[in-house]
file data.txt (compact mmCIF, C-alpha atoms)
# COMPACT_ATOMS: atom_id res chain seq x y z
CA MET A 1 113.39 -127.46 114.58
CA HIS A 2 111.30 -129.00 111.77
CA SER A 3 109.49 -132.31 111.81
CA ARG A 4 109.92 -135.13 109.33
CA PRO A 5 106.28 -134.99 108.11
CA ASP A 6 106.78 -131.27 107.36
CA ARG A 7 109.80 -132.03 105.19
CA GLU A 8 108.10 -134.91 103.40
CA LEU A 9 105.02 -132.83 102.68
CA VAL A 10 106.99 -129.84 101.42
CA GLU A 11 109.20 -131.99 99.21
CA ALA A 12 106.14 -133.74 97.82
CA VAL A 13 104.49 -130.43 96.95
CA LEU A 14 107.67 -129.07 95.38
CA ALA A 15 108.04 -132.28 93.37
CA ARG A 16 104.43 -131.75 92.23
CA ARG A 17 103.39 -135.17 93.44
CA PRO A 18 99.67 -135.79 92.92
CA GLU A 19 97.46 -134.63 95.79
CA ALA A 20 100.39 -133.31 97.85
CA PHE A 21 99.23 -129.70 97.66
CA GLU A 22 95.67 -130.78 98.43
CA ARG A 23 96.97 -132.54 101.52
CA LEU A 24 98.83 -129.42 102.59
CA ILE A 25 95.71 -127.27 102.20
CA ARG A 26 93.51 -129.72 104.11
CA GLN A 27 96.08 -129.89 106.90
CA TYR A 28 96.37 -126.14 107.39
CA GLN A 29 93.09 -124.64 106.19
CA GLY A 30 91.74 -124.63 109.75
CA LEU A 31 94.69 -122.64 111.04
CA CYS A 32 94.45 -120.28 108.08
CA TRP A 33 90.73 -119.75 108.64
CA HIS A 34 91.24 -119.08 112.35
CA ILE A 35 93.89 -116.45 111.72
CA VAL A 36 92.19 -114.71 108.82
CA GLN A 37 88.60 -114.93 110.05
CA ARG A 38 89.54 -113.66 113.51
CA MET A 39 91.32 -110.68 112.02
CA VAL A 40 89.06 -109.83 109.10
CA ARG A 41 85.66 -111.11 110.29
CA ASN A 42 83.87 -110.47 106.99
CA PRO A 43 83.28 -114.05 105.72
CA GLU A 44 83.56 -113.18 102.02
CA ASP A 45 86.83 -111.35 102.52
CA ALA A 46 88.12 -114.11 104.82
CA ARG A 47 87.41 -116.79 102.20
CA GLU A 48 89.14 -114.76 99.50
CA LEU A 49 92.16 -114.12 101.72
CA CYS A 50 92.44 -117.81 102.69
CA GLN A 51 92.58 -118.61 98.99
CA ASP A 52 95.25 -115.94 98.48
CA THR A 53 97.19 -117.42 101.39
CA PHE A 54 97.44 -120.87 99.85
CA LEU A 55 98.22 -119.48 96.41
CA ARG A 56 101.05 -117.52 98.02
CA VAL A 57 102.19 -120.67 99.84
CA HIS A 58 102.18 -122.55 96.54
CA LEU A 59 104.25 -119.85 94.87
CA CYS A 60 106.78 -119.35 97.67
CA LEU A 61 107.10 -122.79 99.23
CA HIS A 62 110.56 -123.20 97.72
CA GLN A 63 111.65 -120.35 99.99
CA TYR A 64 110.71 -122.30 103.14
CA ARG A 65 114.01 -123.25 104.79
CA PHE A 66 112.74 -125.64 107.49
CA ASP A 67 113.99 -123.21 110.15
CA CYS A 68 110.57 -123.22 111.86
CA PRO A 69 107.56 -125.57 111.84
CA LEU A 70 105.60 -125.47 108.58
CA LYS A 71 102.54 -124.54 110.63
CA SER A 72 104.24 -121.32 111.78
CA TRP A 73 105.43 -120.50 108.27
CA ILE A 74 101.96 -120.90 106.77
CA GLY A 75 100.46 -119.04 109.74
CA ARG A 76 102.83 -116.17 109.05
CA VAL A 77 101.75 -116.03 105.40
CA ALA A 78 98.07 -115.95 106.46
CA TYR A 79 98.78 -113.30 109.12
CA THR A 80 100.68 -111.09 106.67
CA ILE A 81 97.92 -111.29 104.07
CA ALA A 82 95.20 -110.51 106.64
CA LEU A 83 97.31 -107.67 108.05
CA ARG A 84 97.72 -106.08 104.61
CA HIS A 85 93.98 -106.35 104.07
CA LEU A 86 93.27 -104.52 107.34
CA GLU A 87 95.84 -101.85 106.53
CA HIS A 88 94.31 -101.41 103.08
CA LYS A 89 90.86 -101.00 104.65
CA ARG A 90 92.34 -98.73 107.36
CA ILE A 91 90.94 -100.92 110.11
CA PRO A 92 92.81 -100.50 113.43
CA LEU A 93 94.64 -103.68 114.31
CA ALA A 94 94.84 -103.42 118.07
CA GLU A 95 94.51 -101.28 121.10
CA TYR A 96 97.62 -100.06 122.84
CA ALA A 97 99.19 -102.99 124.70
CA GLY A 98 100.85 -100.97 127.43
CA ASP A 99 100.41 -102.16 130.99
CA GLY A 100 99.82 -98.91 132.84
CA ASP A 101 96.04 -99.06 133.03
CA ASP A 102 95.01 -102.63 133.65
CA ASN A 103 93.79 -102.38 137.22
CA ARG A 104 90.51 -100.89 136.13
CA THR A 105 86.91 -101.15 137.17
CA ILE A 106 84.48 -103.42 135.33
CA GLU A 107 82.91 -100.44 133.61
CA ASN A 108 86.26 -99.56 132.11
CA ILE A 109 87.19 -103.13 131.34
CA CYS A 110 84.00 -103.48 129.31
CA ASP A 111 84.34 -100.30 127.27
CA ASN A 112 83.07 -100.56 123.69
CA PHE A 113 80.86 -103.43 124.76
CA ASP A 114 77.09 -103.14 125.05
CA LEU A 115 76.53 -104.94 128.35
CA GLU A 116 72.88 -104.02 128.60
CA ALA A 117 72.05 -105.51 125.23
CA ALA A 118 74.05 -108.61 126.02
CA TYR A 119 72.34 -109.01 129.41
CA THR A 120 68.96 -109.40 127.75
CA LYS A 121 70.20 -112.62 126.14
CA ASP A 122 70.83 -113.85 129.65
CA GLU A 123 73.24 -116.49 128.54
CA THR A 124 76.88 -116.49 129.52
CA ALA A 125 78.12 -118.26 126.42
CA MET A 126 76.46 -115.76 124.12
CA LEU A 127 77.64 -112.93 126.31
CA LEU A 128 81.21 -114.14 126.08
CA ARG A 129 81.03 -114.74 122.35
CA ALA A 130 79.76 -111.21 121.87
CA ALA A 131 82.51 -109.86 124.11
CA ILE A 132 85.17 -111.81 122.20
CA GLU A 133 83.79 -110.44 118.93
CA SER A 134 84.03 -106.92 120.36
CA LEU A 135 87.80 -107.25 120.85
CA PRO A 136 90.15 -105.64 118.32
CA PRO A 137 91.29 -107.92 115.43
CA LEU A 138 94.77 -108.64 116.76
CA GLN A 139 93.61 -109.55 120.25
CA ARG A 140 90.85 -111.80 118.90
CA MET A 141 93.35 -113.60 116.73
CA LEU A 142 95.95 -113.98 119.50
CA LEU A 143 93.35 -115.47 121.86
CA THR A 144 92.28 -117.95 119.18
CA LEU A 145 95.84 -119.04 118.43
CA HIS A 146 96.68 -119.45 122.11
CA HIS A 147 93.45 -121.06 123.31
CA LEU A 148 91.93 -122.84 120.33
CA GLU A 149 95.01 -123.77 118.32
CA GLU A 150 96.97 -124.22 121.58
CA ILE A 151 100.03 -122.56 120.09
CA PRO A 152 102.65 -121.47 122.67
CA ILE A 153 103.51 -117.78 122.87
CA PRO A 154 107.04 -118.09 121.35
CA GLU A 155 105.49 -119.81 118.32
CA ILE A 156 102.83 -117.09 118.05
CA ALA A 157 105.72 -114.63 118.07
CA ARG A 158 107.13 -116.39 114.99
CA ILE A 159 103.79 -116.16 113.21
CA THR A 160 103.08 -112.52 113.97
CA GLY A 161 106.58 -111.11 114.30
CA LEU A 162 105.52 -109.53 117.61
CA ALA A 163 107.67 -109.71 120.75
CA THR A 164 106.62 -112.33 123.31
CA GLY A 165 106.11 -109.57 125.90
CA THR A 166 103.71 -107.75 123.56
CA ILE A 167 101.72 -110.91 122.91
CA LYS A 168 101.58 -111.59 126.64
CA SER A 169 100.31 -108.07 127.27
CA HIS A 170 97.59 -108.39 124.61
CA LEU A 171 96.46 -111.77 125.96
CA PHE A 172 96.46 -110.49 129.51
CA ARG A 173 94.41 -107.39 128.75
CA SER A 174 91.92 -109.29 126.58
CA ARG A 175 91.30 -111.94 129.22
CA LEU A 176 91.04 -109.31 131.91
CA ARG A 177 88.39 -107.55 129.88
CA LEU A 178 86.50 -110.79 129.27
CA ARG A 179 86.74 -111.66 132.94
CA GLY A 180 85.17 -108.27 133.61
CA VAL A 181 82.20 -109.34 131.50
CA LEU A 182 81.77 -112.52 133.53
CA ASP A 183 82.23 -110.60 136.78
CA ALA A 184 79.58 -108.11 135.74
CA GLN A 185 77.13 -110.85 134.92
CA LYS A 186 77.66 -112.52 138.26
CA GLY A 187 77.50 -109.19 140.05
CA ALA A 188 80.69 -110.07 141.84
CA PRO A 189 83.26 -107.46 142.75
CA THR A 190 86.59 -107.58 140.89
CA MET B 1 101.63 -125.25 128.78
CA ASN B 2 103.59 -123.54 131.48
CA GLN B 3 106.97 -124.72 130.27
CA HIS B 4 107.37 -121.75 127.94
CA LEU B 5 106.45 -119.09 130.47
CA ASP B 6 110.07 -118.76 131.57
CA ASP B 7 110.92 -117.37 128.12
CA ILE B 8 108.43 -114.54 128.48
CA PRO B 9 109.35 -111.37 130.38
CA PRO B 10 107.31 -110.90 133.59
CA PHE B 11 105.15 -107.82 134.17
CA GLU B 12 106.79 -105.16 136.31
CA ASP B 13 103.65 -104.99 138.42
CA ALA B 14 103.54 -108.01 140.76
CA ALA B 15 99.70 -107.99 140.90
CA GLN B 16 99.50 -108.13 137.11
CA GLU B 17 101.98 -110.98 137.02
CA ARG B 18 99.89 -112.90 139.58
CA GLU B 19 96.76 -112.29 137.52
CA TRP B 20 98.59 -113.45 134.38
CA LEU B 21 99.74 -116.63 136.09
CA ALA B 22 96.15 -117.25 137.24
CA GLN B 23 94.99 -116.88 133.62
CA GLU B 24 97.61 -119.29 132.28
CA ASN B 25 97.06 -121.74 135.13
CA ALA B 26 93.31 -121.80 134.46
CA LEU B 27 93.99 -122.43 130.78
CA ARG B 28 96.35 -125.28 131.63
CA ARG B 29 93.89 -126.82 134.10
CA GLU B 30 91.05 -126.56 131.61
CA THR B 31 93.18 -128.08 128.82
CA LEU B 32 94.12 -130.99 131.08
CA ASN B 33 90.53 -131.20 132.31
CA LEU B 34 91.67 -131.15 135.95
CA ASP B 35 89.27 -131.29 138.88
CA PRO B 36 88.05 -127.77 139.73
CA ALA B 37 87.82 -128.59 143.45
CA GLY B 38 89.76 -126.10 145.53
CA GLU B 39 89.70 -123.37 142.88
CA ASP B 40 88.66 -119.88 143.92
CA GLU B 41 86.17 -117.60 142.14
CA ARG B 42 88.84 -116.05 139.92
CA ASP B 43 90.08 -119.47 138.79
CA ARG B 44 86.52 -120.55 137.98
CA LEU B 45 85.92 -117.44 135.89
CA TYR B 46 89.12 -117.92 133.94
CA ARG B 47 88.32 -121.59 133.37
CA ARG B 48 84.91 -120.58 132.08
CA LEU B 49 86.65 -118.17 129.79
CA ALA B 50 89.09 -120.86 128.63
CA GLN B 51 86.11 -123.09 127.81
CA ALA B 52 84.48 -120.37 125.73
CA LEU B 53 87.71 -119.59 123.90
CA HIS B 54 88.26 -123.26 123.14
CA GLU B 55 84.92 -123.60 121.35
CA PRO B 56 85.49 -124.37 117.66
CA ILE B 57 84.84 -121.57 115.24
CA PRO B 58 82.41 -122.64 112.48
CA ASP B 59 84.38 -123.33 109.32
CA GLY B 60 83.28 -120.78 106.76
CA LEU B 61 85.28 -122.20 103.87
CA PRO B 62 83.19 -123.74 101.09
CA PRO B 63 83.30 -127.54 100.60
CA ASP B 64 85.10 -127.14 97.26
CA PHE B 65 87.69 -124.76 98.73
CA VAL B 66 90.61 -127.17 98.34
CA MET B 67 89.87 -128.04 94.71
CA ARG B 68 89.26 -124.39 93.87
CA VAL B 69 92.68 -123.40 95.24
CA VAL B 70 94.41 -126.35 93.56
CA THR B 71 92.86 -125.40 90.20
CA ARG B 72 93.89 -121.77 90.56
CA ALA B 73 97.39 -122.74 91.66
CA ALA B 74 97.77 -125.00 88.62
CA ALA B 75 96.76 -122.11 86.37
CA THR B 76 99.28 -119.74 87.94
CA PRO B 77 102.82 -119.72 86.52
CA SER B 78 104.98 -121.33 89.17
CA ALA B 79 108.13 -119.93 90.69
CA ARG B 80 110.00 -122.82 89.09
CA PHE B 81 108.79 -121.68 85.66
CA GLU B 82 109.97 -118.15 86.44
CA TYR B 83 113.34 -119.54 87.53
CA VAL B 84 113.74 -121.53 84.30
CA LEU B 85 112.74 -118.47 82.30
CA MET B 86 115.33 -116.40 84.15
CA ILE B 87 118.06 -118.98 83.42
CA VAL B 88 117.12 -119.02 79.72
CA LEU B 89 117.32 -115.21 79.59
CA VAL B 90 120.69 -115.16 81.37
CA VAL B 91 122.07 -117.75 78.94
CA ALA B 92 120.72 -115.75 75.97
CA LEU B 93 122.35 -112.61 77.38
CA ALA B 94 125.66 -114.44 77.84
CA VAL B 95 125.56 -115.78 74.28
CA ALA B 96 124.71 -112.33 72.91
CA THR B 97 127.56 -110.82 74.93
CA GLY B 98 129.94 -113.46 73.54
CA ILE B 99 128.88 -112.68 69.98
CA VAL B 100 129.31 -108.94 70.54
CA ILE B 101 132.77 -109.47 72.06
CA ALA B 102 133.79 -111.77 69.24
CA THR B 103 132.60 -109.25 66.65
CA TYR B 104 133.78 -105.98 68.15
CA GLY B 105 136.22 -107.13 70.85
CA SER B 106 139.27 -106.48 68.71
CA GLU B 107 138.47 -102.77 68.90
CA TRP B 108 138.11 -102.70 72.74
CA VAL B 109 140.71 -105.15 73.99
CA PRO B 110 143.73 -102.97 73.13
CA SER B 111 142.33 -100.03 75.12
CA PHE B 112 141.62 -102.26 78.16
CA SER B 113 145.09 -103.78 77.88
CA ALA B 114 146.55 -100.28 77.87
CA ILE B 115 144.68 -99.34 81.06
CA LEU B 116 145.82 -102.53 82.78
CA ARG B 117 149.42 -101.93 81.73
CA VAL B 118 149.41 -98.37 83.08
CA ARG B 119 147.96 -99.30 86.46
CA ASN B 120 148.99 -102.88 86.45
CA THR B 121 149.56 -103.44 90.15
CA GLN B 122 146.71 -101.40 91.66
CA ALA B 123 144.04 -102.50 89.17
CA GLY B 124 145.09 -106.11 89.52
CA VAL B 125 144.80 -105.96 93.30
CA TRP B 126 141.34 -104.39 93.18
CA LEU B 127 140.14 -106.87 90.59
CA MET B 128 141.42 -109.72 92.73
CA ALA B 129 139.72 -108.21 95.79
CA LEU B 130 136.42 -107.88 93.92
CA ALA B 131 136.62 -111.46 92.68
CA GLY B 132 137.46 -112.59 96.22
CA CYS B 133 134.43 -110.79 97.69
CA LEU B 134 132.08 -112.23 95.06
CA GLY B 135 133.48 -115.70 95.58
CA ALA B 136 133.25 -115.48 99.39
CA SER B 137 129.66 -114.22 99.18
CA TRP B 138 128.69 -117.05 96.84
CA LEU B 139 130.38 -119.65 99.03
CA MET B 140 128.67 -118.29 102.18
CA GLU B 141 125.27 -118.51 100.53
CA ARG B 142 125.94 -122.10 99.44
CA TRP B 143 127.11 -122.97 102.93
CA GLN B 144 124.02 -121.42 104.58
CA ARG B 145 121.69 -123.27 102.21
CA ARG B 146 123.44 -126.53 103.00
CA GLY B 147 123.11 -125.77 106.73
CA HIS B 148 119.32 -125.40 106.39
CA ARG B 149 118.93 -128.76 104.66
call {"tool": "encode", "arguments": {"input": "data.txt", "output": "structure tokens"}}
result
Amino acid sequence: MHSRPDRELVEAVLARRPEAFERLIRQYQGLCWHIVQRMVRNPEDARELCQDTFLRVHLCLHQYRFDCPLKSWIGRVAYTIALRHLEHKRIPLAEYAGDGDDNRTIENICDNFDLEAAYTKDETAMLLRAAIESLPPLQRMLLTLHHLEEIPIPEIARITGLATGTIKSHLFRSRLRLRGVLDAQKGAPT
Amino acid sequence: MNQHLDDIPPFEDAAQEREWLAQENALRRETLNLDPAGEDERDRLYRRLAQALHEPIPDGLPPDFVMRVVTRAAATPSARFEYVLMIVLVVALAVATGIVIATYGSEWVPSFSAILRVRNTQAGVWLMALAGCLGASWLMERWQRRGHR
């Protein structure tokens, strides 16, 4: 389940070898930033929470049992810390991920999104970025893990503790909504 | 990227499942940079989407982030320190208990001996059972830890 570099790195950090912890941070700070920034968005808070994540990793690394990749374990720490922050701030994590209402019109797909304002920019990339930003924190983060970090769904399930079916449903609904944005811009029927 | 899709439950709605497969297929084709020839409008839109979602997010961490965390971590008492402290306290408690027993034990031991004599068989069995449970639990934990290594 675990890779040899993971074990070597963890043992080096636990043995307090020089620069081992630095190496660990450099290796996983991108993942941590993607998870935390996508969920929290506020850059100041995200930076603070990334720092808390690695301090927590430093404190609890002896509890890592090599039963999953180190990437997933650190991702889970980052996710948990970001989740607590959102709960503390009473920010809703996600929309309902049920699958009873997905065959919707573009107008419904794009709810909570200011299409008219985005149209004036007349640029698909900006339009999409704005639409991605308008997604709820959990969906934004799941899309980033799956598309940008290229993490498979079962591994995302390890990080978030969510069922694979729930993650699939969130990804599906988010991409359907984003496709609606592209459809609307092209004026094509769904 | 499709190899893990078998592990994921399908949607009950066949149209949704088809749409999902189109999304995942577009992601796979975009990741592999496959030729878009022959793709329909839906595939093109999802590939466009995959491109947008694959764009790197600007790193907002400061340049000295790593050193800042390392410095703070070094200043924080480590779990190992807490563990050593706990061991020291347990040893101190054990020594104190030994001293107390050595000092006052002569007053207690006869009363315990009396209880054990009265209910010799039953108490002995329960004590053995308790010791057995504790021992089994400890051995299981050791075995699980060894299994993880």
call {"tool": "interface_residues", "arguments": {"input": "data.txt", "of": "chain B", "to": "chain A", "cutoff": "7 Å", "atoms": "only C-alpha atoms", "output": "PDB file with C-alpha atoms, in the coordinates of the input"}}
result
ATOM      1  CA  ILE B   8     108.430-114.540 128.480  1.00  0.00           C
ATOM      2  CA  PRO B   9     109.350-111.370 130.380  1.00  0.00           C
ATOM      3  CA  TRP B  20      98.590-113.450 134.380  1.00  0.00           C
ATOM      4  CA  LEU B  45      85.920-117.440 135.890  1.00  0.00           C
ATOM      5  CA  TYR B  46      89.120-117.920 133.940  1.00  0.00           C
ATOM      6  CA  ALA B  50      89.090-120.860 128.630  1.00  0.00           C
ATOM      7  CA  ALA B  52      84.480-120.370 125.730  1.00  0.00           C
ATOM      8  CA  LEU B  53      87.710-119.590 123.900  1.00  0.00           C
ATOM      9  CA  HIS B  54      88.260-123.260 123.140  1.00  0.00           C
ATOM     10  CA  GLY B  60      83.280-120.780 106.760  1.00  0.00           C
ATOM     11  CA  LEU B  61      85.280-122.200 103.870  1.00  0.00           C
ATOM     12  CA  VAL B  66      90.610-127.170  98.340  1.00  0.00           C
ATOM     13  CA  VAL B  69      92.680-123.400  95.240  1.00  0.00           C
ATOM     14  CA  VAL B  70      94.410-126.350  93.560  1.00  0.00           C
ATOM     15  CA  ALA B  73      97.390-122.740  91.660  1.00  0.00           C
ATOM     16  CA  SER B  78     104.980-121.330  89.170  1.00  0.00           C
ATOM     17  CA  ALA B  79     108.130-119.930  90.690  1.00  0.00           C
ATOM     18  CA  HIS B 148     119.320-125.400 106.390  1.00  0.00           C
TER      19      HIS B 148
END
call {"tool": "atom_distance", "arguments": {"input": "data.txt", "atom1": "CA of Met128 (chain B)", "atom2": "CA of Trp108 (chain B)"}}
result
21.4 Å
call {"tool": "closest_residue", "arguments": {"input": "data.txt", "among": "A:Pro69, A:Pro5, A:Gly161, A:Gly75", "to": "Tyr28 (chain A)", "atoms": "only C-alpha atoms"}}
result
A:Gly75
call {"tool": "atom_distance", "arguments": {"input": "data.txt", "atom1": "CA of Leu83 (chain A)", "atom2": "CA of Val36 (chain A)"}}
result
8.7 Å
call {"tool": "decode", "arguments": {"input": "data.txt", "residues": "region 57-79 of chain B", "atoms": "C-alpha atoms", "output": "PDB file, in the first residue's frame"}}
result
ATOM      1  CA  ILE B  57      -3.695  27.443  -9.127  1.00  0.00           C
ATOM      2  CA  PRO B  58      -1.291  30.291  -8.247  1.00  0.00           C
ATOM      3  CA  ASP B  59       0.694  29.311  -5.176  1.00  0.00           C
ATOM      4  CA  GLY B  60      -0.267  31.726  -2.431  1.00  0.00           C
ATOM      5  CA  LEU B  61       2.226  30.454   0.122  1.00  0.00           C
ATOM      6  CA  PRO B  62       5.029  32.893   0.957  1.00  0.00           C
ATOM      7  CA  PRO B  63       8.593  32.047  -0.177  1.00  0.00           C
ATOM      8  CA  ASP B  64       9.712  31.534   3.426  1.00  0.00           C
ATOM      9  CA  PHE B  65       6.766  29.249   4.219  1.00  0.00           C
ATOM     10  CA  VAL B  66       8.886  26.120   4.663  1.00  0.00           C
ATOM     11  CA  MET B  67      11.412  27.729   6.997  1.00  0.00           C
ATOM     12  CA  ARG B  68       8.649  29.409   8.971  1.00  0.00           C
ATOM     13  CA  VAL B  69       6.913  26.071   9.586  1.00  0.00           C
ATOM     14  CA  VAL B  70      10.196  24.311  10.404  1.00  0.00           C
ATOM     15  CA  THR B  71      11.055  27.017  12.958  1.00  0.00           C
ATOM     16  CA  ARG B  72       7.635  26.813  14.579  1.00  0.00           C
ATOM     17  CA  ALA B  73       7.743  23.015  14.629  1.00  0.00           C
ATOM     18  CA  ALA B  74      11.142  23.091  16.327  1.00  0.00           C
ATOM     19  CA  ALA B  75       9.742  25.400  18.998  1.00  0.00           C
ATOM     20  CA  THR B  76       6.750  23.152  19.664  1.00  0.00           C
ATOM     21  CA  PRO B  77       7.187  20.344  22.209  1.00  0.00           C
ATOM     22  CA  SER B  78       7.208  17.141  20.197  1.00  0.00           C
ATOM     23  CA  ALA B  79       5.056  14.098  20.750  1.00  0.00           C
TER      24      ALA B  79
END
